>>> print(open('data_34.tsv').read())   # TSV, C-alpha atoms
chain	number	residue	atom	x	y	z
H	536	MET	CA	-30.51	35.37	-6.01
H	537	SER	CA	-27.84	35.05	-8.62
H	538	ALA	CA	-26.71	31.68	-9.87
H	539	ASP	CA	-23.09	30.78	-10.46
H	540	VAL	CA	-22.05	30.94	-14.08
H	541	VAL	CA	-20.64	27.64	-15.28
H	542	ASN	CA	-18.30	27.38	-18.23
H	543	LEU	CA	-19.43	24.16	-19.95
H	544	ARG	CA	-16.17	23.71	-21.84
H	545	GLN	CA	-14.20	23.86	-18.60
H	546	PHE	CA	-16.71	21.57	-16.88
H	547	ARG	CA	-16.30	18.96	-19.65
H	548	LYS	CA	-12.50	19.17	-19.46
H	549	ASP	CA	-12.53	18.72	-15.67
H	550	LYS	CA	-14.88	15.76	-15.97
H	551	ARG	CA	-12.68	14.15	-18.66
H	552	ARG	CA	-9.56	14.69	-16.52
H	553	SER	CA	-11.16	13.10	-13.47
H	554	GLU	CA	-12.30	10.09	-15.53
H	555	LYS	CA	-8.80	9.64	-16.96
H	556	GLU	CA	-7.28	9.87	-13.48
H	557	LYS	CA	-9.73	7.27	-12.19
H	558	GLN	CA	-8.80	4.95	-15.07
H	559	ALA	CA	-5.10	5.55	-14.41
H	560	ASP	CA	-5.56	4.59	-10.75
H	561	GLN	CA	-7.26	1.35	-11.77
H	562	ASN	CA	-4.45	0.59	-14.22
H	563	ARG	CA	-1.83	1.23	-11.56
H	564	LEU	CA	-3.50	-1.31	-9.32
H	565	ALA	CA	-3.92	-3.87	-12.08
H	566	PHE	CA	-0.61	-3.56	-13.95
H	567	GLY	CA	1.77	-1.57	-11.79
H	568	ARG	CA	4.53	-3.75	-10.41
H	569	THR	CA	8.06	-2.80	-9.58
H	570	LYS	CA	11.07	-4.27	-11.35
H	571	VAL	CA	11.95	-6.21	-8.21
H	572	GLU	CA	8.50	-7.78	-8.04
H	573	LYS	CA	8.70	-8.77	-11.71
H	574	SER	CA	12.15	-10.32	-11.30
H	575	LEU	CA	11.06	-12.20	-8.17
H	576	THR	CA	8.06	-13.64	-9.98
H	577	LYS	CA	10.25	-14.67	-12.92
H	578	ALA	CA	12.78	-16.33	-10.60
H	579	LEU	CA	10.04	-18.25	-8.77
H	580	ASN	CA	8.51	-19.40	-12.06
H	581	ASP	CA	11.91	-20.51	-13.36
H	582	LYS	CA	12.59	-22.44	-10.16
H	583	ALA	CA	9.19	-24.13	-10.33
H	584	ALA	CA	9.77	-25.12	-13.97
H	585	LYS	CA	13.21	-26.49	-13.14
H	586	THR	CA	11.84	-28.50	-10.22
H	587	LEU	CA	9.08	-29.88	-12.43
H	588	ASP	CA	11.57	-30.87	-15.14
H	589	GLN	CA	13.74	-32.67	-12.59
H	590	GLY	CA	10.89	-35.00	-11.76
H	591	LYS	CA	10.26	-36.08	-15.34
H	592	LEU	CA	11.15	-39.62	-16.32
H	593	GLU	CA	12.46	-40.63	-19.68
H	594	ASN	CA	10.09	-42.79	-21.69
H	595	PRO	CA	11.84	-46.18	-22.16
H	596	PHE	CA	9.31	-47.30	-24.80
H	597	ARG	CA	9.99	-44.43	-27.16
H	598	ASP	CA	11.91	-45.33	-30.31
H	599	LYS	CA	15.45	-44.09	-30.27
H	600	ASP	CA	16.68	-43.44	-33.78
>>> encode(input="data_34.tsv", output="structure tokens")
Amino acid sequence: MSADVVNLRQFRKDKRRSEKEKQADQNRLAFGRTKVEKSLTKALNDKAAKTLDQGKLENPFRDKD
């Protein structure tokens, strides 16, 4: 009945690596977007802003200097 010898230094390194990989996976899901997705979002936002600005009326009561 011999127990397996565990190298604690190696165990700590493996644990740290797995935690970093788990954090990296979470970051990829949260922040990882392709360039095409970013440009599409920017184009849609620009179009929405332009459409909103087209509907604005000038204020006739504002002083014109």
>>> atom_distance(input="data_34.tsv", atom1="CA of Arg544 in chain H", atom2="CA of Gln558 in chain H")
21.3 Å
>>> atom_distance(input="data_34.tsv", atom1="CA of Val571 in chain H", atom2="CA of Glu556 in chain H")
25.6 Å
>>> atom_distance(input="data_34.tsv", atom1="CA of Gln545 in chain H", atom2="CA of Asp560 in chain H")
22.5 Å
